$ cat run13.tsv   # TSV, C-alpha atoms
chain	number	residue	atom	x	y	z
W	4	MET	CA	10.70	136.08	152.11
W	5	ASP	CA	7.39	134.80	153.37
W	6	GLN	CA	4.62	137.30	152.63
W	7	ALA	CA	2.81	136.69	155.90
W	8	LEU	CA	5.89	137.58	157.88
W	9	ILE	CA	6.39	140.84	155.99
W	10	LYS	CA	2.74	141.73	156.57
W	11	ASP	CA	2.93	141.12	160.31
W	12	HIS	CA	6.24	142.98	160.56
W	13	LYS	CA	7.66	140.11	162.52
W	14	PRO	CA	11.23	139.09	161.81
W	15	ALA	CA	11.68	135.52	160.62
W	16	TRP	CA	13.12	133.14	163.19
W	17	LYS	CA	16.76	132.78	162.32
W	18	GLY	CA	17.53	130.08	164.86
W	19	GLY	CA	20.20	130.38	167.46
W	20	ASP	CA	17.99	130.83	170.49
W	21	LEU	CA	16.51	127.93	172.44
W	22	PRO	CA	12.73	128.06	172.89
W	23	TYR	CA	12.86	125.31	175.50
W	24	LYS	CA	16.06	126.56	177.11
W	25	ALA	CA	17.50	123.09	176.47
W	26	SER	CA	20.18	122.11	173.98
W	27	TYR	CA	19.43	120.13	170.83
W	28	GLY	CA	20.99	116.97	172.22
W	29	LYS	CA	19.10	117.08	175.50
W	30	LEU	CA	15.83	117.77	173.72
W	31	MET	CA	16.31	114.86	171.35
W	32	MET	CA	17.12	112.57	174.27
W	33	TRP	CA	13.84	113.64	175.90
W	34	PHE	CA	11.91	113.03	172.69
W	35	PHE	CA	13.46	109.58	172.39
W	36	LEU	CA	12.49	108.87	175.97
W	37	ILE	CA	8.85	109.81	175.25
W	38	THR	CA	8.73	107.26	172.43
W	39	ASP	CA	10.33	104.68	174.69
W	40	THR	CA	7.81	105.49	177.42
W	41	LEU	CA	4.99	104.75	175.00
W	42	THR	CA	6.65	101.49	173.90
W	43	PHE	CA	6.93	100.22	177.46
W	44	SER	CA	3.41	101.46	178.23
W	45	ALA	CA	2.13	99.35	175.34
W	46	PHE	CA	4.04	96.27	176.60
W	47	LEU	CA	2.79	96.59	180.16
W	48	THR	CA	-0.77	97.36	179.04
W	49	ALA	CA	-0.73	94.27	176.83
W	50	TYR	CA	0.43	92.31	179.88
W	51	GLY	CA	-2.55	93.78	181.75
W	52	PHE	CA	-4.91	92.69	178.98
W	53	SER	CA	-3.76	89.08	179.12
W	54	ARG	CA	-3.79	89.09	182.88
W	55	PHE	CA	-7.39	90.31	182.98
W	56	LYS	CA	-8.39	87.84	180.29
W	57	TYR	CA	-6.75	84.79	181.90
W	58	GLN	CA	-7.18	85.90	185.51
W	59	ASP	CA	-8.16	82.37	186.62
W	60	SER	CA	-4.95	80.69	185.46
W	61	TRP	CA	-2.48	83.58	185.78
W	62	PRO	CA	0.40	82.70	188.15
W	63	GLU	CA	1.12	84.91	191.17
W	64	ALA	CA	4.63	86.32	190.88
W	65	ALA	CA	5.07	85.75	194.62
W	66	ASP	CA	4.73	81.99	193.97
W	67	VAL	CA	7.12	82.02	191.01
W	68	PHE	CA	10.08	84.13	192.14
W	69	THR	CA	10.87	82.86	195.61
W	70	HIS	CA	14.60	82.16	195.49
W	71	PHE	CA	17.48	84.08	196.96
W	72	PRO	CA	21.17	83.20	196.46
W	73	PHE	CA	22.68	81.13	199.32
W	74	LEU	CA	19.35	81.04	201.18
W	75	HIS	CA	17.04	78.06	201.42
W	76	GLY	CA	13.28	78.14	201.57
W	77	ASP	CA	10.79	80.60	200.15
W	78	HIS	CA	11.68	84.26	200.05
W	79	PRO	CA	9.19	85.96	197.77
W	80	LEU	CA	10.06	89.51	196.65
W	81	LEU	CA	13.39	89.55	198.48
W	82	PHE	CA	15.68	89.13	195.47
W	83	VAL	CA	13.73	91.54	193.27
W	84	ALA	CA	13.77	94.06	196.13
W	85	LEU	CA	17.57	93.79	196.07
W	86	MET	CA	17.58	94.32	192.28
W	87	THR	CA	15.39	97.40	192.72
W	88	PHE	CA	17.73	98.71	195.40
W	89	THR	CA	20.72	98.18	193.08
W	90	LEU	CA	19.10	100.17	190.31
W	91	ILE	CA	17.93	103.02	192.58
W	92	MET	CA	21.45	103.17	194.03
W	93	SER	CA	22.97	103.37	190.54
W	94	SER	CA	20.55	106.20	189.77
W	95	VAL	CA	21.88	108.07	192.81
W	96	THR	CA	25.50	107.60	191.75
W	97	MET	CA	24.52	108.77	188.26
W	98	VAL	CA	22.91	111.96	189.51
W	99	LEU	CA	26.02	112.58	191.66
W	100	ALA	CA	28.19	112.21	188.54
W	101	VAL	CA	25.99	114.73	186.69
W	102	ASN	CA	26.16	117.11	189.65
W	103	TYR	CA	29.97	117.00	189.78
W	104	GLY	CA	29.99	117.43	186.00
W	105	HIS	CA	28.23	120.77	186.46
W	106	LYS	CA	31.01	121.74	188.87
W	107	MET	CA	33.67	120.55	186.37
W	108	GLN	CA	35.22	118.16	188.91
W	109	LYS	CA	36.65	115.52	186.61
W	110	LYS	CA	37.93	113.10	189.27
W	111	LYS	CA	34.58	112.93	191.07
W	112	VAL	CA	32.73	112.45	187.78
W	113	ILE	CA	35.03	109.49	187.03
W	114	LEU	CA	34.42	108.01	190.51
W	115	TRP	CA	30.61	108.23	190.44
W	116	LEU	CA	30.30	107.26	186.78
W	117	SER	CA	32.39	104.14	187.45
W	118	LEU	CA	30.18	103.23	190.42
W	119	THR	CA	27.12	103.66	188.19
W	120	ILE	CA	28.61	101.18	185.72
W	121	VAL	CA	29.26	98.74	188.58
W	122	GLY	CA	25.62	99.12	189.69
W	123	GLY	CA	24.37	98.49	186.16
W	124	ALA	CA	26.56	95.40	185.82
W	125	MET	CA	25.31	94.10	189.17
W	126	PHE	CA	21.73	94.55	188.03
W	127	LEU	CA	22.43	92.66	184.79
W	128	GLY	CA	24.04	89.84	186.76
W	129	SER	CA	21.04	89.67	189.07
W	130	GLN	CA	18.71	89.54	186.12
W	131	ALA	CA	20.70	86.69	184.57
W	132	TRP	CA	20.38	84.82	187.88
W	133	GLU	CA	16.64	85.52	188.02
W	134	TRP	CA	16.18	84.33	184.43
W	135	GLY	CA	18.28	81.24	185.13
W	136	HIS	CA	16.08	80.28	188.07
W	137	PHE	CA	12.89	80.94	186.14
W	138	ILE	CA	14.03	78.91	183.13
W	139	HIS	CA	15.16	76.08	185.43
W	140	GLY	CA	11.48	75.79	186.31
W	141	LEU	CA	9.64	73.61	188.77
W	142	ASP	CA	9.99	69.84	189.41
W	143	GLY	CA	12.09	69.32	186.29
W	144	VAL	CA	9.69	71.18	183.98
W	145	PRO	CA	11.50	74.17	182.49
W	146	ALA	CA	9.87	77.52	181.76
W	147	THR	CA	10.17	78.31	178.07
W	148	LEU	CA	8.23	80.33	175.50
W	149	ILE	CA	5.79	77.45	175.00
W	150	SER	CA	5.64	75.85	178.43
W	151	ASN	CA	5.43	77.23	181.94
W	152	PRO	CA	5.18	75.01	185.02
W	153	TYR	CA	3.74	77.89	187.07
W	154	GLY	CA	0.63	78.48	184.97
W	155	MET	CA	-0.19	80.23	181.70
W	156	PRO	CA	2.67	79.99	179.15
W	157	LEU	CA	1.80	83.60	178.22
W	158	PHE	CA	3.15	84.66	181.61
W	159	ALA	CA	6.57	83.33	180.65
W	160	ASP	CA	6.38	85.04	177.24
W	161	TYR	CA	5.63	88.42	178.80
W	162	PHE	CA	8.27	87.87	181.45
W	163	PHE	CA	11.00	87.09	178.91
W	164	PHE	CA	9.88	89.83	176.55
W	165	ILE	CA	9.37	92.74	178.95
W	166	THR	CA	12.20	92.08	181.42
W	167	GLY	CA	14.39	91.14	178.44
W	168	PHE	CA	13.61	94.40	176.67
W	169	HIS	CA	14.31	96.30	179.86
W	170	GLY	CA	17.48	94.31	180.46
W	171	PHE	CA	18.66	95.17	176.96
W	172	HIS	CA	18.09	98.84	177.82
W	173	VAL	CA	20.24	98.39	180.92
W	174	PHE	CA	22.91	96.65	178.82
W	175	SER	CA	22.88	99.48	176.26
W	176	GLY	CA	23.00	101.98	179.12
W	177	VAL	CA	26.10	100.33	180.56
W	178	ALA	CA	27.71	100.43	177.09
W	179	PHE	CA	26.89	104.16	176.74
W	180	LEU	CA	28.21	104.86	180.23
W	181	ILE	CA	31.50	103.11	179.41
W	182	VAL	CA	31.93	105.22	176.25
W	183	ILE	CA	31.17	108.42	178.19
W	184	LEU	CA	33.53	107.37	181.01
W	185	ILE	CA	36.37	106.86	178.51
W	186	ASN	CA	35.70	110.34	177.12
W	187	VAL	CA	35.69	111.83	180.62
W	188	ILE	CA	39.02	110.14	181.41
W	189	LYS	CA	40.48	111.37	178.10
W	190	GLY	CA	39.41	114.91	179.04
W	191	THR	CA	37.09	115.39	176.04
W	192	TYR	CA	34.47	117.25	178.09
W	193	GLU	CA	37.07	119.19	180.04
W	194	LYS	CA	38.26	120.57	176.68
W	195	ARG	CA	34.68	121.12	175.50
W	196	GLY	CA	34.04	123.24	178.58
W	197	HIS	CA	30.97	121.35	179.80
W	198	TYR	CA	29.84	117.86	180.83
W	199	GLU	CA	26.47	117.89	179.07
W	200	MET	CA	27.16	114.48	177.56
W	201	VAL	CA	27.17	113.01	181.10
W	202	GLU	CA	23.84	114.72	181.71
W	203	LYS	CA	22.34	113.23	178.53
W	204	VAL	CA	23.45	109.68	179.26
W	205	GLY	CA	22.20	110.34	182.80
W	206	LEU	CA	18.71	111.05	181.46
W	207	TYR	CA	18.76	107.70	179.69
W	208	TRP	CA	20.01	105.92	182.78
W	209	HIS	CA	17.29	107.40	185.02
W	210	PHE	CA	14.74	106.38	182.44
W	211	VAL	CA	15.92	102.77	182.71
W	212	ASP	CA	15.43	103.02	186.47
W	213	LEU	CA	12.00	104.56	185.90
W	214	VAL	CA	10.89	101.68	183.67
W	215	TRP	CA	12.09	99.17	186.25
W	216	VAL	CA	9.94	100.86	188.92
W	217	PHE	CA	6.91	100.05	186.75
W	218	VAL	CA	8.07	96.53	185.77
W	219	PHE	CA	8.68	95.81	189.47
W	220	THR	CA	5.15	96.93	190.36
W	221	PHE	CA	3.27	95.20	187.55
W	222	PHE	CA	5.24	91.96	187.43
W	223	TYR	CA	6.06	91.37	191.06
W	224	LEU	CA	3.75	93.36	193.32
W	225	VAL	CA	0.35	93.63	191.63
Q	17	MET	CA	20.69	125.11	187.12
Q	18	ALA	CA	19.48	125.84	190.62
Q	19	ASN	CA	21.01	122.59	191.84
Q	20	GLU	CA	24.57	123.71	191.24
Q	21	THR	CA	24.55	125.73	194.41
Q	22	LYS	CA	22.36	123.34	196.38
Q	23	GLY	CA	25.02	120.69	197.06
Q	24	ASN	CA	24.18	117.01	197.24
Q	25	TRP	CA	21.76	116.74	200.15
Q	26	TRP	CA	18.67	116.74	197.91
Q	27	ILE	CA	19.99	113.68	196.03
Q	28	TRP	CA	20.20	111.67	199.24
Q	29	LYS	CA	16.81	112.95	200.34
Q	30	VAL	CA	15.25	111.59	197.14
Q	31	PHE	CA	17.21	108.35	197.59
Q	32	TRP	CA	15.78	107.78	201.09
Q	33	ILE	CA	12.26	108.55	199.87
Q	34	LEU	CA	12.58	106.05	196.98
Q	35	LEU	CA	14.12	103.42	199.24
Q	36	GLY	CA	11.50	103.97	201.94
Q	37	ILE	CA	8.61	103.63	199.51
Q	38	THR	CA	10.14	100.48	197.96
Q	39	ALA	CA	10.69	98.92	201.40
Q	40	PHE	CA	7.10	99.73	202.33
Q	41	GLU	CA	5.84	98.14	199.08
Q	42	VAL	CA	7.90	94.99	199.62
Q	43	ALA	CA	6.67	94.74	203.24
Q	44	LEU	CA	3.05	95.09	202.09
Q	45	GLY	CA	3.67	92.50	199.37
Q	46	MET	CA	5.09	90.01	201.89
Q	47	ILE	CA	2.44	90.56	204.59
Q	48	GLN	CA	-0.51	90.78	202.16
Q	49	PRO	CA	-2.89	92.39	204.71
Q	50	ALA	CA	-6.25	90.61	204.51
Q	51	PHE	CA	-8.53	93.64	204.45
Q	52	LEU	CA	-6.56	95.21	201.58
Q	53	ILE	CA	-6.88	92.01	199.54
Q	54	ASP	CA	-10.54	91.36	200.25
Q	55	THR	CA	-11.64	94.87	199.35
Q	56	GLN	CA	-12.24	95.18	195.63
Q	57	PHE	CA	-12.22	98.57	193.93
Q	58	LEU	CA	-12.33	99.35	190.18
Q	59	GLY	CA	-11.84	95.72	189.21
Q	60	THR	CA	-8.83	94.95	191.41
Q	61	LYS	CA	-7.67	94.63	195.03
Q	62	LEU	CA	-7.30	97.75	197.13
Q	63	LEU	CA	-3.69	96.65	197.75
Q	64	ASN	CA	-2.95	96.96	194.03
Q	65	HIS	CA	-4.25	100.53	194.00
Q	66	ILE	CA	-1.88	101.35	196.85
Q	67	PHE	CA	1.03	99.80	194.88
Q	68	ILE	CA	0.14	101.79	191.77
Q	69	ILE	CA	-0.19	105.10	193.65
Q	70	LEU	CA	3.17	104.54	195.41
Q	71	THR	CA	4.75	103.64	192.06
Q	72	LEU	CA	3.51	106.89	190.53
Q	73	VAL	CA	4.95	108.81	193.49
Q	74	LYS	CA	8.32	107.12	192.91
Q	75	ALA	CA	8.11	107.85	189.17
Q	76	GLY	CA	7.39	111.50	189.99
Q	77	TYR	CA	10.50	111.78	192.15
Q	78	ILE	CA	12.70	110.13	189.51
Q	79	VAL	CA	11.42	112.26	186.61
Q	80	LEU	CA	11.07	115.61	188.38
Q	81	GLN	CA	14.16	115.42	190.62
Q	82	PHE	CA	16.71	112.95	189.19
Q	83	MET	CA	15.91	113.78	185.57
Q	84	HIS	CA	15.64	117.41	186.56
Q	85	LEU	CA	12.38	117.92	184.65
Q	86	GLY	CA	10.86	119.83	187.58
Q	87	HIS	CA	13.48	122.53	187.07
Q	88	GLU	CA	13.20	122.80	183.28
Q	89	LYS	CA	11.20	125.46	181.47
Q	90	LYS	CA	7.44	124.98	181.87
Q	91	SER	CA	6.86	124.48	178.12
Q	92	LEU	CA	9.48	121.70	177.97
Q	93	LYS	CA	8.10	120.07	181.10
Q	94	TRP	CA	4.59	119.78	179.70
Q	95	THR	CA	5.79	118.78	176.23
Q	96	ILE	CA	7.40	115.75	177.86
Q	97	LEU	CA	4.71	114.93	180.42
Q	98	LEU	CA	1.44	115.49	178.53
Q	99	PRO	CA	1.78	112.73	175.88
Q	100	ALA	CA	2.24	110.15	178.64
Q	101	ILE	CA	-0.41	111.65	180.94
Q	102	ILE	CA	-3.02	111.68	178.15
Q	103	LEU	CA	-2.17	108.56	176.13
Q	104	VAL	CA	-1.33	106.03	178.82
Q	105	PRO	CA	-4.56	106.30	180.87
Q	106	TYR	CA	-6.52	106.21	177.61
Q	107	LEU	CA	-4.71	103.07	176.50
Q	108	LEU	CA	-5.28	101.48	179.91
Q	109	PHE	CA	-8.98	102.39	179.83
Q	110	ILE	CA	-9.47	100.77	176.42
Q	111	VAL	CA	-7.23	97.72	176.72
Q	112	LEU	CA	-7.91	96.69	180.33
Q	113	GLY	CA	-11.67	97.10	179.75
Q	114	GLU	CA	-11.37	94.81	176.74
Q	115	GLY	CA	-9.33	92.34	178.79
Q	116	ALA	CA	-12.07	92.14	181.41
Q	117	TYR	CA	-14.64	91.66	178.64
Q	118	ALA	CA	-12.54	88.96	176.96
Q	119	TYR	CA	-12.50	87.12	180.32
Q	120	LEU	CA	-16.31	87.19	180.46
Q	121	MET	CA	-16.51	85.83	176.89
Q	122	LEU	CA	-13.93	83.08	177.48
$ encode --input "run13.tsv" --output "structure tokens"
Amino acid sequence: MDQALIKDHKPAWKGGDLPYKASYGKLMMWFFLITDTLTFSAFLTAYGFSRFKYQDSWPEAADVFTHFPFLHGDHPLLFVALMTFTLIMSSVTMVLAVNYGHKMQKKKVILWLSLTIVGGAMFLGSQAWEWGHFIHGLDGVPATLISNPYGMPLFADYFFFITGFHGFHVFSGVAFLIVILINVIKGTYEKRGHYEMVEKVGLYWHFVDLVWVFVFTFFYLV
Amino acid sequence: MANETKGNWWIWKVFWILLGITAFEVALGMIQPAFLIDTQFLGTKLLNHIFIILTLVKAGYIVLQFMHLGHEKKSLKWTILLPAIILVPYLLFIVLGEGAYAYLML
């Protein structure tokens, strides 16, 4: 036994209790989310660097993303506002699923979890549409990694990289949600006695929404 | 788990707050009020500061309410929040300052 512990007459920690009053799985999800927070912070800060450096030739997002399905003319911000709404809405359905999980109401967890998956899929579809329009470009000049008809090619690089990385998070989130939904339907968590798994995937899903709030601000508003 | 007995009303309250703030941001972004654009503060438009503050308010609601961090133990709460609160402003201070300098040297 450790000499220092014997000297202080303190019993060694034998595990079993939870210093943070959170389970191992939840804690690890939080720690993962911190690392992911720092990753996205680095991306968006790098975007800020380039934007400050090339402020004279940096395109205004309001001039780039002006399309809306089935509508003609310029509608800046409208489509991305709809995408933001979709993601906030799917966050609400997620938190409802978690809430009914606490109450052990399997049918309601299935309902709200399914709606969350629908919301995530809608967001992914919207993003594909947004990318499609951006790549299609202006006056026959496509936006690619090396050319951008709206201004600095770097803008296109950051757009593809950051919204792509976020979109991949959404895609992974939808995949996780589907796995969890199958388990809920099979009754895995009913047998386990708690729906903590829904809570953990919920944390991830809210984080995806959180990142989008920042991407929305720094790509489209600022 | 204080929320177990609270029902669902708080979820919809947070939803309306998030939606309201987003609608307000989009409206500001479409109107682009002249005095908010012409006023410069800390290297950018006043409008951008408003967007950033509103974004942080939204982030607060998502993390503290939806992700339930506001109701976790204090030690856990600060373990999660402090790395971001300390590192991100520091990173912004260094990198954005360098970006502005790189523009002057261009």
$ atom_distance --input "run13.tsv" --atom1 "atom CA of W:Ala131" --atom2 "atom CA of Q:Leu72"
27.2 Å
$ interface_residues --input "run13.tsv" --of "chain W" --to "chain Q" --cutoff "7 Å" --atoms "all atoms listed in the file" --output "ChimeraX atom specification"
/W:23-24,37,44,48,51-53,55-57,80,84,95,98,102,105,206,209,213,216-217,220,224-225
$ atom_distance --input "run13.tsv" --atom1 "atom CA of W:Ser175" --atom2 "atom CA of W:Val211"
10.0 Å
$ atom_distance --input "run13.tsv" --atom1 "atom CA of W:Ser93" --atom2 "atom CA of W:Gly123"
6.7 Å
